[in-house]
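K.L.:
coords-v2.cif is the file, holding mmCIF, N, CA and C atoms:
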data_model
#
loop_
_atom_site.label_atom_id
_atom_site.label_comp_id
_atom_site.auth_asym_id
_atom_site.auth_seq_id
_atom_site.Cartn_x
_atom_site.Cartn_y
_atom_site.Cartn_z
N MET L 1 -36.21 -2.30 129.29
CA MET L 1 -34.87 -2.68 129.66
C MET L 1 -34.78 -4.20 129.56
N GLY L 2 -33.79 -4.71 128.85
CA GLY L 2 -33.62 -6.13 128.73
C GLY L 2 -32.27 -6.56 129.25
N ILE L 3 -32.19 -7.78 129.77
CA ILE L 3 -30.93 -8.29 130.31
C ILE L 3 -30.73 -9.69 129.77
N ILE L 4 -29.53 -9.97 129.29
CA ILE L 4 -29.18 -11.30 128.82
C ILE L 4 -28.03 -11.78 129.69
N MET L 5 -28.16 -12.95 130.31
CA MET L 5 -27.09 -13.46 131.17
C MET L 5 -26.53 -14.74 130.56
N LYS L 6 -25.21 -14.86 130.58
CA LYS L 6 -24.51 -16.07 130.15
C LYS L 6 -23.56 -16.45 131.26
N ARG L 7 -23.50 -17.73 131.65
CA ARG L 7 -22.65 -18.16 132.74
C ARG L 7 -21.48 -18.96 132.16
N HIS L 8 -20.25 -18.56 132.50
CA HIS L 8 -19.04 -19.24 132.10
C HIS L 8 -18.23 -19.45 133.37
N SER L 9 -18.32 -20.60 134.01
CA SER L 9 -17.72 -20.91 135.32
C SER L 9 -18.01 -19.77 136.29
N THR L 10 -16.98 -19.02 136.73
CA THR L 10 -17.25 -17.94 137.69
C THR L 10 -17.46 -16.60 137.01
N LEU L 11 -17.48 -16.59 135.68
CA LEU L 11 -17.63 -15.33 134.96
C LEU L 11 -19.05 -15.20 134.44
N VAL L 12 -19.70 -14.10 134.80
CA VAL L 12 -21.06 -13.84 134.33
C VAL L 12 -21.04 -12.57 133.51
N HIS L 13 -21.58 -12.64 132.31
CA HIS L 13 -21.66 -11.46 131.46
C HIS L 13 -23.10 -10.97 131.46
N LEU L 14 -23.28 -9.70 131.67
CA LEU L 14 -24.61 -9.10 131.61
C LEU L 14 -24.63 -8.12 130.45
N LEU L 15 -25.61 -8.23 129.63
CA LEU L 15 -25.80 -7.24 128.57
C LEU L 15 -27.00 -6.42 128.98
N ILE L 16 -26.78 -5.15 129.23
CA ILE L 16 -27.82 -4.29 129.78
C ILE L 16 -28.17 -3.22 128.76
N ILE L 17 -29.42 -3.11 128.45
CA ILE L 17 -29.86 -2.09 127.51
C ILE L 17 -29.81 -0.74 128.22
N LEU L 18 -29.14 0.20 127.58
CA LEU L 18 -28.95 1.53 128.14
C LEU L 18 -30.08 2.43 127.67
N LEU L 19 -30.75 3.08 128.60
CA LEU L 19 -31.80 4.03 128.26
C LEU L 19 -31.20 5.42 128.25
N LEU L 20 -31.31 6.10 127.14
CA LEU L 20 -30.73 7.44 127.02
C LEU L 20 -31.83 8.48 127.04
N GLY L 21 -31.63 9.47 127.86
CA GLY L 21 -32.57 10.60 127.92
C GLY L 21 -33.97 10.16 128.29
N MET L 22 -34.94 10.90 127.84
CA MET L 22 -36.33 10.62 128.16
C MET L 22 -36.94 9.59 127.21
N GLY L 23 -36.29 9.36 126.07
CA GLY L 23 -36.83 8.43 125.09
C GLY L 23 -36.53 7.00 125.47
N GLY L 24 -36.86 6.10 124.60
CA GLY L 24 -36.60 4.69 124.83
C GLY L 24 -35.16 4.35 124.56
N CYS L 25 -34.94 3.16 124.09
CA CYS L 25 -33.58 2.75 123.79
C CYS L 25 -33.56 2.08 122.43
N GLY L 26 -32.45 2.24 121.75
CA GLY L 26 -32.27 1.58 120.47
C GLY L 26 -31.36 0.39 120.64
N LYS L 27 -31.29 -0.46 119.63
CA LYS L 27 -30.46 -1.65 119.77
C LYS L 27 -28.98 -1.31 119.84
N ASP L 28 -28.58 -0.10 119.43
CA ASP L 28 -27.17 0.29 119.51
C ASP L 28 -26.81 0.89 120.86
N ASP L 29 -27.80 1.15 121.72
CA ASP L 29 -27.57 1.77 123.02
C ASP L 29 -27.36 0.68 124.07
N GLU L 30 -26.16 0.12 124.13
CA GLU L 30 -25.90 -0.98 125.04
C GLU L 30 -24.62 -0.73 125.82
N ILE L 31 -24.57 -1.25 127.03
CA ILE L 31 -23.34 -1.28 127.80
C ILE L 31 -23.15 -2.71 128.26
N ALA L 32 -21.94 -3.04 128.66
CA ALA L 32 -21.67 -4.38 129.16
C ALA L 32 -21.23 -4.29 130.61
N ALA L 33 -21.82 -5.10 131.46
CA ALA L 33 -21.40 -5.21 132.86
C ALA L 33 -20.85 -6.61 133.03
N THR L 34 -19.62 -6.73 133.48
CA THR L 34 -18.98 -8.03 133.62
C THR L 34 -18.71 -8.33 135.07
N PHE L 35 -19.07 -9.53 135.51
CA PHE L 35 -18.77 -9.98 136.86
C PHE L 35 -17.34 -10.49 136.85
N ASP L 36 -16.45 -9.86 137.63
CA ASP L 36 -15.02 -10.17 137.60
C ASP L 36 -14.62 -11.36 138.46
N GLY L 37 -15.52 -11.94 139.20
CA GLY L 37 -15.17 -13.10 140.02
C GLY L 37 -15.76 -13.00 141.40
N ASP L 38 -15.36 -13.90 142.25
CA ASP L 38 -15.92 -13.98 143.58
C ASP L 38 -15.10 -13.23 144.61
N GLU L 39 -14.27 -12.28 144.17
CA GLU L 39 -13.54 -11.46 145.12
C GLU L 39 -14.55 -10.69 145.95
N LYS L 40 -14.23 -10.48 147.23
CA LYS L 40 -15.16 -9.78 148.11
C LYS L 40 -14.43 -8.67 148.84
N LEU L 41 -15.21 -7.71 149.32
CA LEU L 41 -14.64 -6.73 150.22
C LEU L 41 -14.25 -7.45 151.50
N GLU L 42 -13.37 -6.85 152.25
CA GLU L 42 -12.88 -7.47 153.48
C GLU L 42 -14.04 -7.94 154.36
N GLU L 43 -13.90 -9.14 154.93
CA GLU L 43 -14.93 -9.72 155.80
C GLU L 43 -15.32 -8.73 156.89
N GLY L 44 -16.59 -8.53 157.09
CA GLY L 44 -17.07 -7.61 158.12
C GLY L 44 -16.95 -6.15 157.72
N SER L 45 -16.70 -5.89 156.45
CA SER L 45 -16.56 -4.52 155.97
C SER L 45 -17.81 -3.72 156.29
N GLN L 46 -17.62 -2.48 156.69
CA GLN L 46 -18.75 -1.61 156.98
C GLN L 46 -19.23 -0.92 155.70
N THR L 47 -18.58 -1.20 154.58
CA THR L 47 -18.95 -0.62 153.29
C THR L 47 -19.45 -1.74 152.38
N PRO L 48 -20.76 -1.96 152.33
CA PRO L 48 -21.27 -3.04 151.49
C PRO L 48 -21.27 -2.70 150.01
N LEU L 49 -20.98 -1.43 149.68
CA LEU L 49 -21.02 -0.97 148.30
C LEU L 49 -19.91 0.04 148.08
N MET L 50 -19.12 -0.14 147.01
CA MET L 50 -18.06 0.80 146.70
C MET L 50 -18.01 1.02 145.19
N LEU L 51 -17.98 2.28 144.80
CA LEU L 51 -17.96 2.68 143.40
C LEU L 51 -16.60 3.31 143.10
N THR L 52 -15.90 2.84 142.06
CA THR L 52 -14.60 3.40 141.73
C THR L 52 -14.73 4.55 140.74
N GLN L 53 -13.66 5.33 140.62
CA GLN L 53 -13.63 6.41 139.64
C GLN L 53 -13.52 5.80 138.25
N ASN L 54 -14.23 6.38 137.29
CA ASN L 54 -14.18 5.87 135.92
C ASN L 54 -12.80 6.08 135.31
N TYR L 55 -12.49 5.25 134.30
CA TYR L 55 -11.23 5.37 133.59
C TYR L 55 -11.49 5.08 132.12
N PRO L 56 -11.02 5.82 131.19
CA PRO L 56 -10.31 7.08 131.39
C PRO L 56 -11.28 8.20 131.79
N ASN L 57 -10.72 9.23 132.33
CA ASN L 57 -11.50 10.41 132.71
C ASN L 57 -10.60 11.62 132.56
N PRO L 58 -10.88 12.53 131.65
CA PRO L 58 -12.03 12.61 130.75
C PRO L 58 -12.05 11.46 129.74
N PHE L 59 -13.23 11.26 129.12
CA PHE L 59 -13.40 10.17 128.17
C PHE L 59 -14.15 10.63 126.92
N ASN L 60 -14.04 9.83 125.84
CA ASN L 60 -14.76 10.09 124.60
C ASN L 60 -14.80 8.81 123.77
N PRO L 61 -15.91 8.21 123.54
CA PRO L 61 -17.18 8.35 124.25
C PRO L 61 -17.39 7.23 125.26
N VAL L 62 -16.40 6.30 125.42
CA VAL L 62 -16.60 5.14 126.31
C VAL L 62 -15.68 5.23 127.51
N THR L 63 -16.22 4.88 128.67
CA THR L 63 -15.44 4.82 129.91
C THR L 63 -15.89 3.61 130.72
N THR L 64 -15.08 3.24 131.70
CA THR L 64 -15.37 2.06 132.53
C THR L 64 -15.18 2.40 133.99
N PHE L 65 -16.00 1.81 134.84
CA PHE L 65 -15.81 1.91 136.29
C PHE L 65 -16.22 0.58 136.91
N LYS L 66 -15.85 0.38 138.18
CA LYS L 66 -16.17 -0.85 138.88
C LYS L 66 -17.07 -0.57 140.07
N VAL L 67 -17.88 -1.57 140.39
CA VAL L 67 -18.72 -1.54 141.57
C VAL L 67 -18.37 -2.77 142.39
N TYR L 68 -18.01 -2.56 143.65
CA TYR L 68 -17.72 -3.63 144.58
C TYR L 68 -18.95 -3.85 145.44
N VAL L 69 -19.48 -5.06 145.44
CA VAL L 69 -20.67 -5.40 146.20
C VAL L 69 -20.27 -6.44 147.24
N ALA L 70 -20.38 -6.10 148.55
CA ALA L 70 -19.93 -6.98 149.61
C ALA L 70 -20.96 -8.04 150.01
N LYS L 71 -22.24 -7.77 149.75
CA LYS L 71 -23.29 -8.73 150.07
C LYS L 71 -24.37 -8.63 149.01
N GLU L 72 -25.18 -9.67 148.88
CA GLU L 72 -26.24 -9.63 147.88
C GLU L 72 -27.16 -8.45 148.15
N MET L 73 -27.43 -7.67 147.10
CA MET L 73 -28.30 -6.50 147.26
C MET L 73 -28.90 -6.12 145.92
N HIS L 74 -30.02 -5.40 146.00
CA HIS L 74 -30.60 -4.81 144.81
C HIS L 74 -29.84 -3.51 144.54
N LEU L 75 -29.29 -3.36 143.35
CA LEU L 75 -28.45 -2.21 143.02
C LEU L 75 -29.00 -1.46 141.83
N SER L 76 -29.00 -0.14 141.95
CA SER L 76 -29.40 0.74 140.87
C SER L 76 -28.22 1.64 140.53
N ILE L 77 -27.89 1.76 139.24
CA ILE L 77 -26.85 2.69 138.81
C ILE L 77 -27.45 3.57 137.72
N ARG L 78 -27.38 4.89 137.96
CA ARG L 78 -27.94 5.86 137.03
C ARG L 78 -26.91 6.95 136.73
N VAL L 79 -27.06 7.57 135.58
CA VAL L 79 -26.18 8.67 135.18
C VAL L 79 -27.03 9.94 135.09
N TYR L 80 -26.49 11.04 135.62
CA TYR L 80 -27.18 12.33 135.63
C TYR L 80 -26.30 13.38 134.96
N GLY L 81 -26.95 14.36 134.32
CA GLY L 81 -26.24 15.47 133.70
C GLY L 81 -25.87 16.52 134.73
N GLU L 82 -25.26 17.60 134.26
CA GLU L 82 -24.76 18.66 135.14
C GLU L 82 -25.85 19.27 136.02
N GLU L 83 -27.07 19.31 135.54
CA GLU L 83 -28.16 19.87 136.33
C GLU L 83 -28.98 18.78 137.00
N TRP L 84 -28.40 17.61 137.16
CA TRP L 84 -28.99 16.44 137.84
C TRP L 84 -30.25 15.91 137.14
N GLN L 85 -30.33 16.08 135.82
CA GLN L 85 -31.38 15.42 135.06
C GLN L 85 -30.86 14.02 134.72
N GLU L 86 -31.72 13.01 134.89
CA GLU L 86 -31.30 11.63 134.61
C GLU L 86 -31.13 11.45 133.10
N THR L 87 -29.97 10.93 132.68
CA THR L 87 -29.72 10.69 131.26
C THR L 87 -29.69 9.21 130.93
N SER L 88 -29.32 8.36 131.90
CA SER L 88 -29.19 6.93 131.62
C SER L 88 -29.47 6.09 132.86
N LYS L 89 -30.11 4.95 132.64
CA LYS L 89 -30.27 3.93 133.68
C LYS L 89 -29.38 2.77 133.27
N LEU L 90 -28.31 2.53 134.02
CA LEU L 90 -27.36 1.50 133.63
C LEU L 90 -27.68 0.14 134.23
N LEU L 91 -28.23 0.12 135.43
CA LEU L 91 -28.45 -1.15 136.12
C LEU L 91 -29.57 -0.99 137.11
N ASN L 92 -30.40 -2.03 137.24
CA ASN L 92 -31.45 -2.06 138.25
C ASN L 92 -31.81 -3.51 138.49
N ARG L 93 -31.02 -4.18 139.35
CA ARG L 93 -31.21 -5.61 139.58
C ARG L 93 -30.50 -6.06 140.85
N THR L 94 -30.79 -7.26 141.29
CA THR L 94 -30.13 -7.84 142.44
C THR L 94 -28.82 -8.47 141.99
N LEU L 95 -27.74 -8.17 142.71
CA LEU L 95 -26.42 -8.69 142.38
C LEU L 95 -25.87 -9.52 143.54
N ARG L 96 -25.09 -10.54 143.19
CA ARG L 96 -24.36 -11.33 144.18
C ARG L 96 -23.14 -10.55 144.62
N PRO L 97 -22.53 -10.93 145.74
CA PRO L 97 -21.27 -10.28 146.15
C PRO L 97 -20.21 -10.47 145.08
N GLY L 98 -19.41 -9.45 144.84
CA GLY L 98 -18.34 -9.52 143.86
C GLY L 98 -17.99 -8.16 143.30
N ILE L 99 -17.20 -8.16 142.26
CA ILE L 99 -16.73 -6.94 141.62
C ILE L 99 -17.28 -6.92 140.20
N TYR L 100 -17.93 -5.83 139.84
CA TYR L 100 -18.56 -5.71 138.54
C TYR L 100 -17.95 -4.54 137.78
N SER L 101 -17.57 -4.77 136.52
CA SER L 101 -17.05 -3.71 135.65
C SER L 101 -18.18 -3.22 134.76
N ILE L 102 -18.36 -1.92 134.72
CA ILE L 102 -19.43 -1.32 133.91
C ILE L 102 -18.78 -0.43 132.85
N SER L 103 -19.11 -0.67 131.58
CA SER L 103 -18.66 0.19 130.49
C SER L 103 -19.83 1.08 130.09
N PHE L 104 -19.57 2.37 130.01
CA PHE L 104 -20.61 3.34 129.67
C PHE L 104 -20.26 4.01 128.36
N ASP L 105 -21.17 3.94 127.39
CA ASP L 105 -20.98 4.55 126.08
C ASP L 105 -21.87 5.79 126.00
N ALA L 106 -21.24 6.96 125.91
CA ALA L 106 -21.98 8.22 125.90
C ALA L 106 -21.96 8.86 124.51
N LYS L 107 -21.95 8.04 123.47
CA LYS L 107 -21.83 8.57 122.10
C LYS L 107 -22.94 9.54 121.72
N ASP L 108 -24.13 9.41 122.34
CA ASP L 108 -25.25 10.28 121.99
C ASP L 108 -25.43 11.45 122.95
N LEU L 109 -24.50 11.62 123.87
CA LEU L 109 -24.59 12.70 124.85
C LEU L 109 -23.61 13.82 124.51
N PRO L 110 -23.93 15.06 124.86
CA PRO L 110 -23.00 16.16 124.60
C PRO L 110 -21.87 16.19 125.62
N SER L 111 -20.80 16.90 125.29
CA SER L 111 -19.69 17.09 126.22
C SER L 111 -20.20 17.71 127.52
N GLY L 112 -19.54 17.38 128.62
CA GLY L 112 -19.92 17.97 129.90
C GLY L 112 -19.57 17.05 131.05
N VAL L 113 -19.97 17.48 132.24
CA VAL L 113 -19.76 16.69 133.46
C VAL L 113 -21.02 15.87 133.71
N TYR L 114 -20.83 14.59 134.01
CA TYR L 114 -21.92 13.69 134.34
C TYR L 114 -21.61 13.04 135.68
N TYR L 115 -22.68 12.68 136.39
CA TYR L 115 -22.54 12.03 137.69
C TYR L 115 -23.13 10.63 137.59
N TYR L 116 -22.40 9.63 138.05
CA TYR L 116 -22.95 8.29 138.10
C TYR L 116 -23.16 7.92 139.56
N VAL L 117 -24.35 7.38 139.83
CA VAL L 117 -24.81 7.15 141.19
C VAL L 117 -25.18 5.68 141.35
N ALA L 118 -24.59 5.03 142.35
CA ALA L 118 -24.94 3.65 142.69
C ALA L 118 -25.70 3.68 144.01
N GLU L 119 -26.88 3.05 144.04
CA GLU L 119 -27.69 2.99 145.25
C GLU L 119 -28.10 1.55 145.51
N GLY L 120 -27.89 1.10 146.75
CA GLY L 120 -28.31 -0.23 147.12
C GLY L 120 -28.28 -0.42 148.62
N ASP L 121 -29.29 -1.08 149.14
CA ASP L 121 -29.34 -1.44 150.55
C ASP L 121 -29.19 -0.24 151.48
N GLY L 122 -29.75 0.90 151.08
CA GLY L 122 -29.68 2.09 151.91
C GLY L 122 -28.37 2.85 151.82
N HIS L 123 -27.48 2.44 150.91
CA HIS L 123 -26.19 3.10 150.71
C HIS L 123 -26.18 3.76 149.34
N LYS L 124 -25.46 4.89 149.25
CA LYS L 124 -25.37 5.60 147.98
C LYS L 124 -23.93 6.08 147.79
N GLN L 125 -23.42 5.92 146.57
CA GLN L 125 -22.11 6.43 146.20
C GLN L 125 -22.26 7.23 144.91
N ILE L 126 -21.58 8.38 144.85
CA ILE L 126 -21.66 9.27 143.69
C ILE L 126 -20.26 9.62 143.23
N ARG L 127 -20.05 9.59 141.93
CA ARG L 127 -18.77 10.00 141.32
C ARG L 127 -19.08 10.87 140.11
N ALA L 128 -18.12 11.73 139.76
CA ALA L 128 -18.26 12.59 138.59
C ALA L 128 -17.34 12.11 137.48
N MET L 129 -17.76 12.31 136.24
CA MET L 129 -16.93 11.98 135.07
C MET L 129 -17.13 13.08 134.04
N ARG L 130 -16.11 13.27 133.19
CA ARG L 130 -16.17 14.34 132.19
C ARG L 130 -16.08 13.73 130.80
N LEU L 131 -17.12 14.03 130.00
CA LEU L 131 -17.17 13.63 128.59
C LEU L 131 -16.64 14.79 127.76
N MET L 132 -15.58 14.54 126.97
CA MET L 132 -15.01 15.58 126.10
C MET L 132 -15.02 15.07 124.67
N LYS L 133 -15.81 15.71 123.82
CA LYS L 133 -15.87 15.30 122.41
C LYS L 133 -15.11 16.27 121.55
#
Please render this file's structure as structure tokens.

P.N.:
Amino acid sequence: MGIIMKRHSTLVHLLIILLLGMGGCGKDDEIAATFDGDEKLEEGSQTPLMLTQNYPNPFNPVTTFKVYVAKEMHLSIRVYGEEWQETSKLLNRTLRPGIYSISFDAKDLPSGVYYYVAEGDGHKQIRAMRLMK
């Protein structure tokens, strides 16, 4: 897994190599995670992590969702198939507080329901998305 970071004032672009299935990753298997700014969840929020529903849903083959991080934490985002087999590791790193947009390209996956799971700091959020080809 490789990560390339570029800093443009308050905008940080992350290029994250997407691992598909049990195999490795190719140079075409990439997603982009963009830091949208220093917006934060409400001060004193009891939810340090929030995962939004992907859009569009259903999708073919690219969709986007956001992750709201209220405090610095190590965050893991993974995608699982209908039988909860892991198909993709989207993120595994420490993030600053803010809002992150994640684009997921499922061009090599078959149609079906997939679950994306964000885990960090003892919190977990799960959402479902439908790939229709």

K.L.:
Would you compute the distance between CA of Ser76 in chain L and atom C of Lys133 in chain L? Give it in Å to one decimal.

P.N.:
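Answer for the CA of Ser76 in chain L to atom C of Lys133 in chain L separation: 28.6 Å.
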
K.L.:
Excluding same-chain residues fewer than 5 positions from range 120-123 of chain L, what lies within 6 Å of it counting all atoms listed in the file, as a ChimeraX atom specification?

P.N.:
/L:73-76

K.L.:
Can you list, as a list of chain:residue names, every protein, DNA or RNA residue that comes within 6.5 Å of Val67 in chain L when you count all atoms listed in the file, leaving out same-chain residues fewer than 2 positions away?

P.N.:
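Listed by chain and then number, they are L:Met50, L:Leu51, L:Thr52, L:Phe65, L:Val69, L:Gly98, L:Ile99, L:Tyr100, L:Ser101, L:Ile102.
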
K.L.:
Can you tell me how far atom C of Tyr80 in chain L sits from CA of Tyr116 in chain L, in Å to one decimal?

P.N.:
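We find that atom C of Tyr80 in chain L and CA of Tyr116 in chain L lie 6.9 Å from each other.
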
K.L.:
Which residue is closest to Pro61 in chain L? Choose from L:Glu82, L:Arg93, L:Lys124, L:Phe104 and count all atoms listed in the file.

P.N.:
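Of the candidates, the smallest distance to Pro61 in chain L is held by L:Phe104.
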
K.L.:
Considering all atoms listed in the file, can you say which of L:Glu83, L:Asn54, L:Pro110, L:Ala70 comes closest to Ala128 in chain L?

P.N.:
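The closest residue to Ala128 in chain L is L:Asn54.
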
K.L.:
Work out how far CA of Gln85 in chain L is from CA of Pro56 in chain L, in Å to one decimal.

P.N.:
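CA of Pro56 in chain L sits 23.0 Å away from CA of Gln85 in chain L.
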
K.L.:
My list of candidates is L:Glu72, L:Leu131, L:Thr64, L:Ile77. Which is closest to Thr94 in chain L when distances are computed with all atoms listed in the file?

P.N.:
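Once distances to Thr94 in chain L are computed over all atoms listed in the file, the minimum belongs to L:Glu72.
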
K.L.:
Between L:Lys66, L:Leu49, L:Met132, L:Gly81, which has the minimum distance to Tyr114 in chain L (counting all atoms listed in the file)?

P.N.:
L:Gly81
